[in-house]
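The structure appears below as structure tokens.
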Protein chains: 2
Amino acid sequence: MEKLKEIIRDVPDFPKEGIVFKDITTLLQDAKSYQRMIDLIAHRYIDEKIDLVLGVEARGFIMGAALAYKLGKGIILVRKPGKLPYKTHSTTYELEYGTDELHIHQDAIKKGQRILIADDLLATGGTVKAVIDLIEKMGAEIVECAFLAELKFLNGQEKLKPHKVFSLLQF
Amino acid sequence: MEKLKEIIRDVPDFPKEGIVFKDITTLLQDAKSYQRMIDLIAHRYIDEKIDLVLGVEARGFIMGAALAYKLGKGIILVRKPGKLPYKTHSTTYELEYGTDELHIHQDAIKKGQRILIADDLLATGGTVKAVIDLIEKMGAEIVECAFLAELKFLNGQEKLKPHKVFSLLQF
């Protein structure tokens, strides 16, 4: 796992001064690391009852698409406003400054379906918390929230309780 | 193939009046169709020499991620401005009204690498033409441009010449 961690690049002062951004593109473009990352995460869910994998725009689409393929499931999308063409449910959530909005197609989930949520990075957990609120209102059950990496010091797991969280790499 | 075509949903008047939008989310969320779509496209490239799969933001990330995984390659990303944290090359291209900009990390491609470009839909071809211009300047060779679906009446293949184009479904 140390090798996968090392291949993720630190970019200082992105998206703003003082933040050190975890750039996963260096991992994604390395064939062996990319395959290994997906296999290791998917392995955890081989025996789970999962109906759908959910990918959060936009890097979550990468994790979600590869995991869904590997697990033999379909993928559903949570997107920014104005991107989904059909009727949607939406939720507004707080950011550090201002608010943001997430949408999902109304027919993406049927009541009682078991959803695996996939995203690249767990930071404060605000976005995925909003996703959970959104799909629970639709009657979904959350299998787990799966991340490639987690910034432990931001304590995102706390925010997502009582839901289960898995992160392959911890920083 | 007719079954895959039928499962794609027509959404009238999106993103604006008079446009009939091909909504692929209905295909993505159907496990069998999603697996079949990726397998059929990937099959075409099993014996090709490919170094990297390129995904175009954002739906192209889904195609690209699953194809790269299936083919055992890494994935590189072409994104909208402000999204990639490291040093980028960029290109500006014409839209119907105004212009748009695409970015790629400067270290995403090494000279001579063979790139498979993946996106969901070939319409006029403007976006993918911009992607091609961008990565050819970096010394990339284009294996082919692979799309889930193509709107034949918009004649996008013409715009992408002399590059090879493959679309699984034609409308």
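Residues in the structure tokens are numbered from 1 in each chain, the chains being A, B, ... in the order shown, and ligands are numbered from 1 in the order shown.
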
Problem - Exercise: Thr88 (chain A) partners within 8 Å, only C-alpha atoms, chain neighbours under 3 positions left out, as a VMD selection string - result: chain A and resid 84 103 to 106

Could those residues be written to a file, using N, CA, C and O atoms, as a short mmCIF file (atom, residue, chain, number, x, y, z; two decimals), in the first residue's frame?
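Full text of out.cif as output:
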data_model
loop_
_atom_site.label_atom_id
_atom_site.label_comp_id
_atom_site.auth_asym_id
_atom_site.auth_seq_id
_atom_site.Cartn_x
_atom_site.Cartn_y
_atom_site.Cartn_z
N LEU A 84 -27.71 16.60 -15.67
CA LEU A 84 -28.54 15.41 -15.92
C LEU A 84 -29.78 15.82 -16.69
O LEU A 84 -30.50 16.75 -16.29
N HIS A 103 -27.37 16.64 -7.92
CA HIS A 103 -28.58 16.07 -8.52
C HIS A 103 -28.41 14.58 -8.81
O HIS A 103 -27.31 14.12 -9.08
N ILE A 104 -29.55 13.88 -8.81
CA ILE A 104 -29.57 12.49 -9.23
C ILE A 104 -30.88 12.26 -10.00
O ILE A 104 -31.91 12.86 -9.67
N HIS A 105 -30.86 11.42 -11.00
CA HIS A 105 -32.09 11.11 -11.72
C HIS A 105 -33.09 10.43 -10.79
O HIS A 105 -32.72 9.55 -10.01
N GLN A 106 -34.34 10.81 -10.92
CA GLN A 106 -35.39 10.25 -10.05
C GLN A 106 -35.54 8.75 -10.23
O GLN A 106 -35.96 8.05 -9.31
#

Problem - Spatial neighbours of Arg59 (chain A), max dist 10 Å, only C-alpha atoms, sep filter under 2 positions, as a PyMOL selection string - result: (chain A and resi 24-25+55-57+61-64+118-121) or (chain B and resi 57-58+61-62+77)

Practice task
For Ile75 (chain B), list every protein, DNA or RNA residue within 8 Å, evaluated using only C-alpha atoms, and leave out those in the same chain fewer than 6 positions away; present the list as a ChimeraX atom specification.
Solution key: /A:28-31 /B:52-55,64-65,68

Chain A onto chain B, all Cα, least squares, as a short mmCIF file (atom, residue, chain, number, x, y, z; two decimals) with N, CA and C atoms, in the first residue's frame:
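So part.cif came out as:
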data_model
loop_
_atom_site.label_atom_id
_atom_site.label_comp_id
_atom_site.auth_asym_id
_atom_site.auth_seq_id
_atom_site.Cartn_x
_atom_site.Cartn_y
_atom_site.Cartn_z
N MET A 1 -27.10 -5.37 -30.73
CA MET A 1 -26.80 -3.94 -30.60
C MET A 1 -28.09 -3.11 -30.50
N GLU A 2 -29.16 -3.64 -31.17
CA GLU A 2 -30.45 -2.92 -31.12
C GLU A 2 -30.94 -2.76 -29.68
N LYS A 3 -30.67 -3.79 -28.87
CA LYS A 3 -31.11 -3.74 -27.47
C LYS A 3 -30.40 -2.62 -26.71
N LEU A 4 -29.10 -2.47 -26.96
CA LEU A 4 -28.35 -1.38 -26.32
C LEU A 4 -28.88 -0.03 -26.79
N LYS A 5 -29.19 0.08 -28.06
CA LYS A 5 -29.71 1.35 -28.59
C LYS A 5 -31.04 1.71 -27.94
N GLU A 6 -31.88 0.69 -27.80
CA GLU A 6 -33.23 0.94 -27.25
C GLU A 6 -33.19 1.42 -25.81
N ILE A 7 -32.18 0.99 -25.09
CA ILE A 7 -32.14 1.33 -23.66
C ILE A 7 -31.66 2.76 -23.41
N ILE A 8 -31.06 3.37 -24.43
CA ILE A 8 -30.70 4.80 -24.33
C ILE A 8 -31.96 5.64 -24.46
N ARG A 9 -32.11 6.60 -23.56
CA ARG A 9 -33.37 7.35 -23.49
C ARG A 9 -33.27 8.67 -24.25
N ASP A 10 -34.30 8.97 -25.02
CA ASP A 10 -34.40 10.29 -25.66
C ASP A 10 -35.02 11.28 -24.69
N VAL A 11 -34.34 12.39 -24.43
CA VAL A 11 -34.93 13.45 -23.61
C VAL A 11 -35.10 14.69 -24.49
N PRO A 12 -36.33 15.04 -24.83
CA PRO A 12 -36.55 16.18 -25.71
C PRO A 12 -36.24 17.51 -25.02
N ASP A 13 -35.79 18.48 -25.80
CA ASP A 13 -35.56 19.85 -25.33
C ASP A 13 -34.50 19.96 -24.23
N PHE A 14 -33.48 19.11 -24.29
CA PHE A 14 -32.33 19.25 -23.39
C PHE A 14 -31.06 19.21 -24.23
N PRO A 15 -30.07 20.05 -23.98
CA PRO A 15 -30.04 21.13 -22.98
C PRO A 15 -30.83 22.37 -23.38
N LYS A 16 -31.37 22.40 -24.62
CA LYS A 16 -32.25 23.53 -24.97
C LYS A 16 -33.32 23.09 -25.96
N GLU A 17 -34.32 23.94 -26.16
CA GLU A 17 -35.46 23.61 -27.01
C GLU A 17 -35.02 23.12 -28.38
N GLY A 18 -35.66 22.06 -28.84
CA GLY A 18 -35.40 21.58 -30.20
C GLY A 18 -34.35 20.49 -30.27
N ILE A 19 -33.56 20.34 -29.19
CA ILE A 19 -32.54 19.28 -29.16
C ILE A 19 -33.14 18.03 -28.50
N VAL A 20 -32.91 16.88 -29.10
CA VAL A 20 -33.29 15.62 -28.45
C VAL A 20 -32.02 14.98 -27.91
N PHE A 21 -31.89 14.95 -26.59
CA PHE A 21 -30.67 14.51 -25.93
C PHE A 21 -30.66 12.99 -25.78
N LYS A 22 -29.53 12.38 -26.12
CA LYS A 22 -29.37 10.93 -25.92
C LYS A 22 -28.86 10.70 -24.50
N ASP A 23 -29.74 10.21 -23.65
CA ASP A 23 -29.43 10.03 -22.23
C ASP A 23 -28.92 8.61 -21.99
N ILE A 24 -27.60 8.48 -21.78
CA ILE A 24 -27.01 7.14 -21.64
C ILE A 24 -27.09 6.60 -20.22
N THR A 25 -27.61 7.41 -19.28
CA THR A 25 -27.62 6.94 -17.87
C THR A 25 -28.49 5.70 -17.71
N THR A 26 -29.52 5.56 -18.57
CA THR A 26 -30.38 4.38 -18.51
C THR A 26 -29.62 3.11 -18.91
N LEU A 27 -28.63 3.28 -19.75
CA LEU A 27 -27.78 2.15 -20.12
C LEU A 27 -26.76 1.86 -19.02
N LEU A 28 -26.15 2.93 -18.50
CA LEU A 28 -25.11 2.76 -17.48
C LEU A 28 -25.64 2.05 -16.23
N GLN A 29 -26.89 2.33 -15.88
CA GLN A 29 -27.42 1.76 -14.63
C GLN A 29 -27.96 0.34 -14.81
N ASP A 30 -27.98 -0.14 -16.04
CA ASP A 30 -28.41 -1.52 -16.29
C ASP A 30 -27.15 -2.40 -16.37
N ALA A 31 -26.96 -3.23 -15.34
CA ALA A 31 -25.69 -3.95 -15.19
C ALA A 31 -25.28 -4.69 -16.46
N LYS A 32 -26.21 -5.46 -17.03
CA LYS A 32 -25.86 -6.28 -18.19
C LYS A 32 -25.49 -5.42 -19.39
N SER A 33 -26.24 -4.35 -19.62
CA SER A 33 -25.95 -3.47 -20.76
C SER A 33 -24.61 -2.77 -20.57
N TYR A 34 -24.35 -2.33 -19.35
CA TYR A 34 -23.10 -1.64 -19.07
C TYR A 34 -21.90 -2.57 -19.31
N GLN A 35 -21.97 -3.79 -18.76
CA GLN A 35 -20.88 -4.74 -18.96
C GLN A 35 -20.68 -5.04 -20.44
N ARG A 36 -21.81 -5.21 -21.14
CA ARG A 36 -21.77 -5.59 -22.54
C ARG A 36 -21.14 -4.47 -23.37
N MET A 37 -21.54 -3.25 -23.08
CA MET A 37 -21.01 -2.09 -23.79
C MET A 37 -19.49 -2.02 -23.66
N ILE A 38 -19.00 -2.14 -22.44
CA ILE A 38 -17.55 -2.06 -22.21
C ILE A 38 -16.84 -3.24 -22.87
N ASP A 39 -17.38 -4.43 -22.72
CA ASP A 39 -16.74 -5.62 -23.32
C ASP A 39 -16.66 -5.50 -24.83
N LEU A 40 -17.74 -5.05 -25.45
CA LEU A 40 -17.77 -4.96 -26.91
C LEU A 40 -16.75 -3.94 -27.42
N ILE A 41 -16.65 -2.81 -26.75
CA ILE A 41 -15.68 -1.79 -27.19
C ILE A 41 -14.26 -2.28 -26.91
N ALA A 42 -14.03 -2.80 -25.71
CA ALA A 42 -12.68 -3.24 -25.34
C ALA A 42 -12.17 -4.34 -26.27
N HIS A 43 -13.06 -5.23 -26.64
CA HIS A 43 -12.71 -6.35 -27.50
C HIS A 43 -11.97 -5.90 -28.76
N ARG A 44 -12.39 -4.79 -29.29
CA ARG A 44 -11.80 -4.23 -30.51
C ARG A 44 -10.31 -3.90 -30.33
N TYR A 45 -9.89 -3.65 -29.10
CA TYR A 45 -8.54 -3.15 -28.86
C TYR A 45 -7.62 -4.16 -28.18
N ILE A 46 -8.11 -5.38 -28.01
CA ILE A 46 -7.35 -6.39 -27.26
C ILE A 46 -5.95 -6.58 -27.85
N ASP A 47 -5.84 -6.60 -29.16
CA ASP A 47 -4.54 -6.85 -29.78
C ASP A 47 -3.81 -5.59 -30.23
N GLU A 48 -4.35 -4.42 -29.90
CA GLU A 48 -3.72 -3.15 -30.30
C GLU A 48 -2.61 -2.78 -29.31
N LYS A 49 -1.59 -2.11 -29.82
CA LYS A 49 -0.60 -1.56 -28.91
C LYS A 49 -1.12 -0.22 -28.41
N ILE A 50 -1.47 -0.19 -27.13
CA ILE A 50 -2.01 1.02 -26.51
C ILE A 50 -1.21 1.31 -25.25
N ASP A 51 -0.78 2.56 -25.08
CA ASP A 51 -0.07 2.92 -23.84
C ASP A 51 -1.02 3.45 -22.78
N LEU A 52 -1.98 4.27 -23.20
CA LEU A 52 -2.86 4.90 -22.23
C LEU A 52 -4.25 5.10 -22.83
N VAL A 53 -5.25 5.10 -21.97
CA VAL A 53 -6.60 5.47 -22.38
C VAL A 53 -6.85 6.89 -21.87
N LEU A 54 -7.42 7.73 -22.71
CA LEU A 54 -7.70 9.12 -22.34
C LEU A 54 -9.21 9.30 -22.19
N GLY A 55 -9.63 9.84 -21.05
CA GLY A 55 -11.05 10.10 -20.82
C GLY A 55 -11.32 11.60 -20.83
N VAL A 56 -12.38 12.00 -21.54
CA VAL A 56 -12.74 13.41 -21.65
C VAL A 56 -13.83 13.73 -20.63
N GLU A 57 -13.59 14.76 -19.80
CA GLU A 57 -14.56 15.15 -18.75
C GLU A 57 -15.94 15.40 -19.36
N ALA A 58 -17.01 14.93 -18.69
CA ALA A 58 -17.01 14.10 -17.50
C ALA A 58 -17.51 12.70 -17.84
N ARG A 59 -18.45 12.57 -18.80
CA ARG A 59 -18.96 11.23 -19.08
C ARG A 59 -17.89 10.34 -19.71
N GLY A 60 -16.91 10.99 -20.37
CA GLY A 60 -15.80 10.22 -20.93
C GLY A 60 -14.96 9.54 -19.86
N PHE A 61 -15.01 10.06 -18.63
CA PHE A 61 -14.29 9.41 -17.52
C PHE A 61 -14.85 8.01 -17.27
N ILE A 62 -16.16 7.87 -17.46
CA ILE A 62 -16.80 6.58 -17.20
C ILE A 62 -16.34 5.55 -18.22
N MET A 63 -16.51 5.89 -19.49
CA MET A 63 -16.03 5.02 -20.58
C MET A 63 -14.54 4.74 -20.44
N GLY A 64 -13.77 5.81 -20.23
CA GLY A 64 -12.31 5.70 -20.18
C GLY A 64 -11.84 4.83 -19.02
N ALA A 65 -12.45 5.01 -17.86
CA ALA A 65 -12.01 4.29 -16.66
C ALA A 65 -12.28 2.79 -16.80
N ALA A 66 -13.46 2.45 -17.29
CA ALA A 66 -13.81 1.03 -17.42
C ALA A 66 -12.99 0.39 -18.53
N LEU A 67 -12.81 1.09 -19.64
CA LEU A 67 -12.00 0.55 -20.74
C LEU A 67 -10.54 0.37 -20.32
N ALA A 68 -9.98 1.37 -19.65
CA ALA A 68 -8.59 1.28 -19.20
C ALA A 68 -8.42 0.08 -18.27
N TYR A 69 -9.38 -0.08 -17.36
CA TYR A 69 -9.31 -1.21 -16.44
C TYR A 69 -9.35 -2.53 -17.19
N LYS A 70 -10.31 -2.65 -18.08
CA LYS A 70 -10.48 -3.89 -18.83
C LYS A 70 -9.24 -4.20 -19.70
N LEU A 71 -8.64 -3.15 -20.27
CA LEU A 71 -7.49 -3.35 -21.16
C LEU A 71 -6.16 -3.42 -20.40
N GLY A 72 -6.21 -3.20 -19.09
CA GLY A 72 -4.99 -3.27 -18.29
C GLY A 72 -4.07 -2.08 -18.48
N LYS A 73 -4.66 -0.91 -18.79
CA LYS A 73 -3.88 0.30 -19.01
C LYS A 73 -4.15 1.35 -17.94
N GLY A 74 -3.35 2.41 -17.94
CA GLY A 74 -3.66 3.56 -17.09
C GLY A 74 -4.61 4.50 -17.81
N ILE A 75 -5.19 5.43 -17.05
CA ILE A 75 -6.09 6.42 -17.65
C ILE A 75 -5.57 7.83 -17.40
N ILE A 76 -5.60 8.66 -18.46
CA ILE A 76 -5.25 10.09 -18.31
C ILE A 76 -6.49 10.92 -18.59
N LEU A 77 -6.51 12.13 -18.01
CA LEU A 77 -7.72 12.94 -18.00
C LEU A 77 -7.56 14.24 -18.77
N VAL A 78 -8.56 14.57 -19.59
CA VAL A 78 -8.66 15.92 -20.16
C VAL A 78 -9.83 16.60 -19.45
N ARG A 79 -9.53 17.78 -18.86
CA ARG A 79 -10.52 18.40 -17.99
C ARG A 79 -10.79 19.86 -18.33
N LYS A 80 -11.86 20.38 -17.77
CA LYS A 80 -12.21 21.78 -17.88
C LYS A 80 -11.19 22.63 -17.08
N PRO A 81 -11.12 23.94 -17.37
CA PRO A 81 -10.15 24.79 -16.67
C PRO A 81 -10.31 24.74 -15.14
N GLY A 82 -9.18 24.82 -14.44
CA GLY A 82 -9.21 24.94 -12.98
C GLY A 82 -9.37 23.63 -12.23
N LYS A 83 -9.42 22.51 -12.95
CA LYS A 83 -9.67 21.24 -12.29
C LYS A 83 -8.40 20.43 -12.05
N LEU A 84 -7.42 20.57 -12.93
CA LEU A 84 -6.18 19.78 -12.78
C LEU A 84 -5.18 20.57 -11.95
N PRO A 85 -4.62 19.94 -10.92
CA PRO A 85 -3.79 20.70 -9.96
C PRO A 85 -2.38 21.01 -10.41
N TYR A 86 -1.84 20.19 -11.34
CA TYR A 86 -0.43 20.33 -11.71
C TYR A 86 -0.33 21.18 -12.98
N LYS A 87 0.91 21.37 -13.47
CA LYS A 87 1.12 22.16 -14.70
C LYS A 87 0.40 21.52 -15.89
N THR A 88 -0.29 22.35 -16.68
CA THR A 88 -1.07 21.80 -17.78
C THR A 88 -0.69 22.42 -19.13
N HIS A 89 -1.00 21.70 -20.21
CA HIS A 89 -1.14 22.26 -21.54
C HIS A 89 -2.63 22.47 -21.76
N SER A 90 -2.99 23.49 -22.55
CA SER A 90 -4.41 23.73 -22.77
C SER A 90 -4.68 24.13 -24.21
N THR A 91 -5.94 24.06 -24.57
CA THR A 91 -6.36 24.47 -25.91
C THR A 91 -7.73 25.13 -25.80
N THR A 92 -7.93 26.14 -26.64
CA THR A 92 -9.22 26.82 -26.69
C THR A 92 -9.91 26.42 -27.99
N TYR A 93 -11.19 26.13 -27.94
CA TYR A 93 -11.88 25.73 -29.17
C TYR A 93 -13.26 26.37 -29.23
N GLU A 94 -13.75 26.46 -30.46
CA GLU A 94 -15.01 27.15 -30.74
C GLU A 94 -16.21 26.30 -30.37
N LEU A 95 -17.18 26.93 -29.72
CA LEU A 95 -18.49 26.30 -29.53
C LEU A 95 -19.49 27.04 -30.42
N GLU A 96 -20.73 26.58 -30.39
CA GLU A 96 -21.76 27.25 -31.19
C GLU A 96 -21.80 28.73 -30.82
N TYR A 97 -21.80 29.00 -29.51
CA TYR A 97 -21.69 30.37 -29.04
C TYR A 97 -20.49 30.45 -28.12
N GLY A 98 -19.51 31.26 -28.48
CA GLY A 98 -18.35 31.45 -27.62
C GLY A 98 -17.30 30.35 -27.77
N THR A 99 -16.43 30.24 -26.75
CA THR A 99 -15.34 29.27 -26.80
C THR A 99 -15.29 28.47 -25.51
N ASP A 100 -14.55 27.38 -25.55
CA ASP A 100 -14.33 26.59 -24.35
C ASP A 100 -12.85 26.20 -24.29
N GLU A 101 -12.44 25.67 -23.16
CA GLU A 101 -11.02 25.41 -22.94
C GLU A 101 -10.86 24.02 -22.32
N LEU A 102 -9.85 23.31 -22.76
CA LEU A 102 -9.56 21.98 -22.20
C LEU A 102 -8.11 21.92 -21.73
N HIS A 103 -7.88 21.20 -20.65
CA HIS A 103 -6.54 21.09 -20.08
C HIS A 103 -6.11 19.63 -19.93
N ILE A 104 -4.80 19.43 -19.98
CA ILE A 104 -4.22 18.12 -19.69
C ILE A 104 -2.91 18.35 -18.92
N HIS A 105 -2.59 17.48 -18.00
CA HIS A 105 -1.32 17.61 -17.29
C HIS A 105 -0.15 17.45 -18.26
N GLN A 106 0.86 18.28 -18.08
CA GLN A 106 2.02 18.25 -18.97
C GLN A 106 2.74 16.91 -18.93
N ASP A 107 2.65 16.20 -17.82
CA ASP A 107 3.35 14.91 -17.73
C ASP A 107 2.42 13.72 -17.94
N ALA A 108 1.26 13.98 -18.51
CA ALA A 108 0.30 12.88 -18.73
C ALA A 108 0.75 11.98 -19.87
N ILE A 109 1.44 12.56 -20.86
CA ILE A 109 1.83 11.82 -22.06
C ILE A 109 3.31 12.03 -22.34
N LYS A 110 3.99 10.92 -22.66
CA LYS A 110 5.37 11.02 -23.14
C LYS A 110 5.35 10.91 -24.66
N LYS A 111 6.29 11.59 -25.30
CA LYS A 111 6.38 11.59 -26.76
C LYS A 111 6.30 10.17 -27.32
N GLY A 112 5.49 9.99 -28.35
CA GLY A 112 5.42 8.70 -29.03
C GLY A 112 4.44 7.72 -28.41
N GLN A 113 3.87 8.06 -27.26
CA GLN A 113 2.92 7.12 -26.65
C GLN A 113 1.64 7.03 -27.46
N ARG A 114 1.07 5.83 -27.46
CA ARG A 114 -0.12 5.56 -28.27
C ARG A 114 -1.37 5.64 -27.39
N ILE A 115 -2.25 6.56 -27.75
CA ILE A 115 -3.38 6.91 -26.89
C ILE A 115 -4.71 6.50 -27.53
N LEU A 116 -5.54 5.83 -26.74
CA LEU A 116 -6.92 5.56 -27.14
C LEU A 116 -7.81 6.60 -26.48
N ILE A 117 -8.50 7.40 -27.30
CA ILE A 117 -9.37 8.46 -26.77
C ILE A 117 -10.77 7.88 -26.56
N ALA A 118 -11.34 8.11 -25.38
CA ALA A 118 -12.67 7.56 -25.08
C ALA A 118 -13.64 8.67 -24.68
N ASP A 119 -14.82 8.65 -25.30
CA ASP A 119 -15.88 9.57 -24.88
C ASP A 119 -17.22 8.89 -25.12
N ASP A 120 -18.27 9.45 -24.54
CA ASP A 120 -19.55 8.75 -24.65
C ASP A 120 -20.22 8.96 -26.00
N LEU A 121 -20.21 10.20 -26.50
CA LEU A 121 -21.04 10.52 -27.66
C LEU A 121 -20.27 11.36 -28.68
N LEU A 122 -20.29 10.92 -29.93
CA LEU A 122 -19.75 11.74 -31.02
C LEU A 122 -20.90 12.52 -31.65
N ALA A 123 -20.87 13.84 -31.46
CA ALA A 123 -21.87 14.69 -32.11
C ALA A 123 -21.15 15.43 -33.25
N THR A 124 -20.89 16.71 -33.11
CA THR A 124 -20.18 17.44 -34.17
C THR A 124 -18.68 17.13 -34.16
N GLY A 125 -18.18 16.60 -33.06
CA GLY A 125 -16.77 16.22 -32.98
C GLY A 125 -15.85 17.35 -32.52
N GLY A 126 -16.43 18.50 -32.18
CA GLY A 126 -15.62 19.66 -31.80
C GLY A 126 -14.73 19.42 -30.59
N THR A 127 -15.29 18.81 -29.58
CA THR A 127 -14.52 18.58 -28.35
C THR A 127 -13.37 17.61 -28.60
N VAL A 128 -13.65 16.50 -29.24
CA VAL A 128 -12.60 15.49 -29.44
C VAL A 128 -11.54 16.00 -30.43
N LYS A 129 -11.97 16.82 -31.40
CA LYS A 129 -10.98 17.44 -32.30
C LYS A 129 -10.00 18.30 -31.47
N ALA A 130 -10.52 19.03 -30.50
CA ALA A 130 -9.66 19.84 -29.63
C ALA A 130 -8.72 18.96 -28.81
N VAL A 131 -9.23 17.83 -28.34
CA VAL A 131 -8.40 16.89 -27.57
C VAL A 131 -7.26 16.37 -28.45
N ILE A 132 -7.58 16.01 -29.69
CA ILE A 132 -6.56 15.49 -30.61
C ILE A 132 -5.47 16.54 -30.85
N ASP A 133 -5.88 17.78 -31.14
CA ASP A 133 -4.90 18.86 -31.37
C ASP A 133 -3.98 19.00 -30.16
N LEU A 134 -4.59 18.96 -28.99
CA LEU A 134 -3.85 19.13 -27.73
C LEU A 134 -2.80 18.04 -27.55
N ILE A 135 -3.16 16.80 -27.75
CA ILE A 135 -2.21 15.72 -27.42
C ILE A 135 -1.24 15.45 -28.58
N GLU A 136 -1.62 15.82 -29.78
CA GLU A 136 -0.65 15.68 -30.88
C GLU A 136 0.51 16.65 -30.69
N LYS A 137 0.22 17.83 -30.18
CA LYS A 137 1.29 18.80 -29.87
C LYS A 137 2.26 18.24 -28.83
N MET A 138 1.76 17.31 -28.01
CA MET A 138 2.61 16.70 -26.99
C MET A 138 3.37 15.49 -27.55
N GLY A 139 3.16 15.19 -28.82
CA GLY A 139 3.88 14.09 -29.45
C GLY A 139 3.18 12.75 -29.36
N ALA A 140 1.90 12.77 -29.00
CA ALA A 140 1.15 11.51 -28.88
C ALA A 140 0.74 10.99 -30.24
N GLU A 141 0.60 9.66 -30.30
CA GLU A 141 -0.04 9.04 -31.47
C GLU A 141 -1.44 8.59 -31.07
N ILE A 142 -2.39 8.83 -31.96
CA ILE A 142 -3.78 8.48 -31.65
C ILE A 142 -4.08 7.10 -32.22
N VAL A 143 -4.42 6.16 -31.36
CA VAL A 143 -4.80 4.82 -31.83
C VAL A 143 -6.16 4.91 -32.53
N GLU A 144 -7.11 5.50 -31.84
CA GLU A 144 -8.47 5.63 -32.38
C GLU A 144 -9.27 6.46 -31.39
N CYS A 145 -10.40 6.98 -31.85
CA CYS A 145 -11.34 7.66 -30.96
C CYS A 145 -12.54 6.73 -30.80
N ALA A 146 -12.79 6.29 -29.57
CA ALA A 146 -13.86 5.31 -29.32
C ALA A 146 -15.03 5.96 -28.60
N PHE A 147 -16.21 5.79 -29.19
CA PHE A 147 -17.42 6.37 -28.59
C PHE A 147 -18.44 5.27 -28.33
N LEU A 148 -19.24 5.47 -27.29
CA LEU A 148 -20.38 4.58 -27.11
C LEU A 148 -21.36 4.78 -28.26
N ALA A 149 -21.67 6.03 -28.58
CA ALA A 149 -22.69 6.28 -29.60
C ALA A 149 -22.29 7.46 -30.48
N GLU A 150 -22.91 7.50 -31.66
CA GLU A 150 -22.60 8.54 -32.63
C GLU A 150 -23.89 9.05 -33.26
N LEU A 151 -23.99 10.37 -33.40
CA LEU A 151 -25.12 10.96 -34.13
C LEU A 151 -24.66 11.17 -35.56
N LYS A 152 -24.94 10.20 -36.43
CA LYS A 152 -24.39 10.17 -37.79
C LYS A 152 -24.70 11.45 -38.57
N PHE A 153 -25.90 11.99 -38.38
CA PHE A 153 -26.33 13.13 -39.20
C PHE A 153 -25.50 14.39 -38.92
N LEU A 154 -24.73 14.41 -37.84
CA LEU A 154 -23.89 15.57 -37.54
C LEU A 154 -22.49 15.42 -38.15
N ASN A 155 -22.22 14.24 -38.69
CA ASN A 155 -21.02 14.05 -39.51
C ASN A 155 -19.71 14.33 -38.77
N GLY A 156 -19.66 13.96 -37.50
CA GLY A 156 -18.46 14.20 -36.70
C GLY A 156 -17.22 13.48 -37.20
N GLN A 157 -17.39 12.34 -37.82
CA GLN A 157 -16.24 11.57 -38.32
C GLN A 157 -15.41 12.40 -39.29
N GLU A 158 -16.12 13.18 -40.10
CA GLU A 158 -15.45 14.04 -41.09
C GLU A 158 -14.47 14.99 -40.40
N LYS A 159 -14.93 15.57 -39.30
CA LYS A 159 -14.12 16.55 -38.56
C LYS A 159 -12.88 15.92 -37.95
N LEU A 160 -12.95 14.63 -37.64
CA LEU A 160 -11.84 13.98 -36.93
C LEU A 160 -10.83 13.34 -37.90
N LYS A 161 -11.10 13.37 -39.19
CA LYS A 161 -10.17 12.80 -40.17
C LYS A 161 -8.82 13.47 -40.10
N PRO A 162 -7.72 12.77 -40.35
CA PRO A 162 -7.63 11.39 -40.82
C PRO A 162 -7.63 10.35 -39.68
N HIS A 163 -8.06 10.73 -38.49
CA HIS A 163 -7.99 9.78 -37.38
C HIS A 163 -9.13 8.77 -37.46
N LYS A 164 -8.85 7.59 -36.93
CA LYS A 164 -9.85 6.53 -36.96
C LYS A 164 -10.88 6.74 -35.86
N VAL A 165 -12.12 6.45 -36.20
CA VAL A 165 -13.22 6.64 -35.27
C VAL A 165 -14.00 5.33 -35.16
N PHE A 166 -14.32 4.95 -33.93
CA PHE A 166 -15.21 3.80 -33.74
C PHE A 166 -16.37 4.22 -32.84
N SER A 167 -17.57 3.90 -33.25
CA SER A 167 -18.72 4.10 -32.36
C SER A 167 -19.50 2.79 -32.31
N LEU A 168 -19.85 2.38 -31.09
CA LEU A 168 -20.54 1.11 -30.92
C LEU A 168 -21.97 1.19 -31.45
N LEU A 169 -22.63 2.32 -31.21
CA LEU A 169 -24.03 2.49 -31.61
C LEU A 169 -24.17 3.73 -32.50
N GLN A 170 -24.99 3.62 -33.53
CA GLN A 170 -25.21 4.77 -34.41
C GLN A 170 -26.68 5.19 -34.39
N PHE A 171 -26.88 6.48 -34.30
CA PHE A 171 -28.24 7.04 -34.37
C PHE A 171 -28.34 7.96 -35.58
#

Problem - Filtered DSSP result for region 39-126 of chain B, state alpha helix (DSSP H), as a list in words - result: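 DSSP on the backbone gives alpha helix (DSSP H) at Asp39, Leu40, Ile41, Ala42, His43, Arg59, Gly60, Phe61, Ile62, Met63, Gly64, Ala65, Ala66, Leu67, Ala68, Tyr69, Lys70, Leu71 and Gly126 of chain B.
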
Practice task
Could you please write out, as a PyMOL selection string, every residue of chain B that DSSP assigns to strand (DSSP E)?
Solution key: chain B and resi 9-12+20-23+52-56+74-78+88-94+99-105+114-122+141-150+165-170
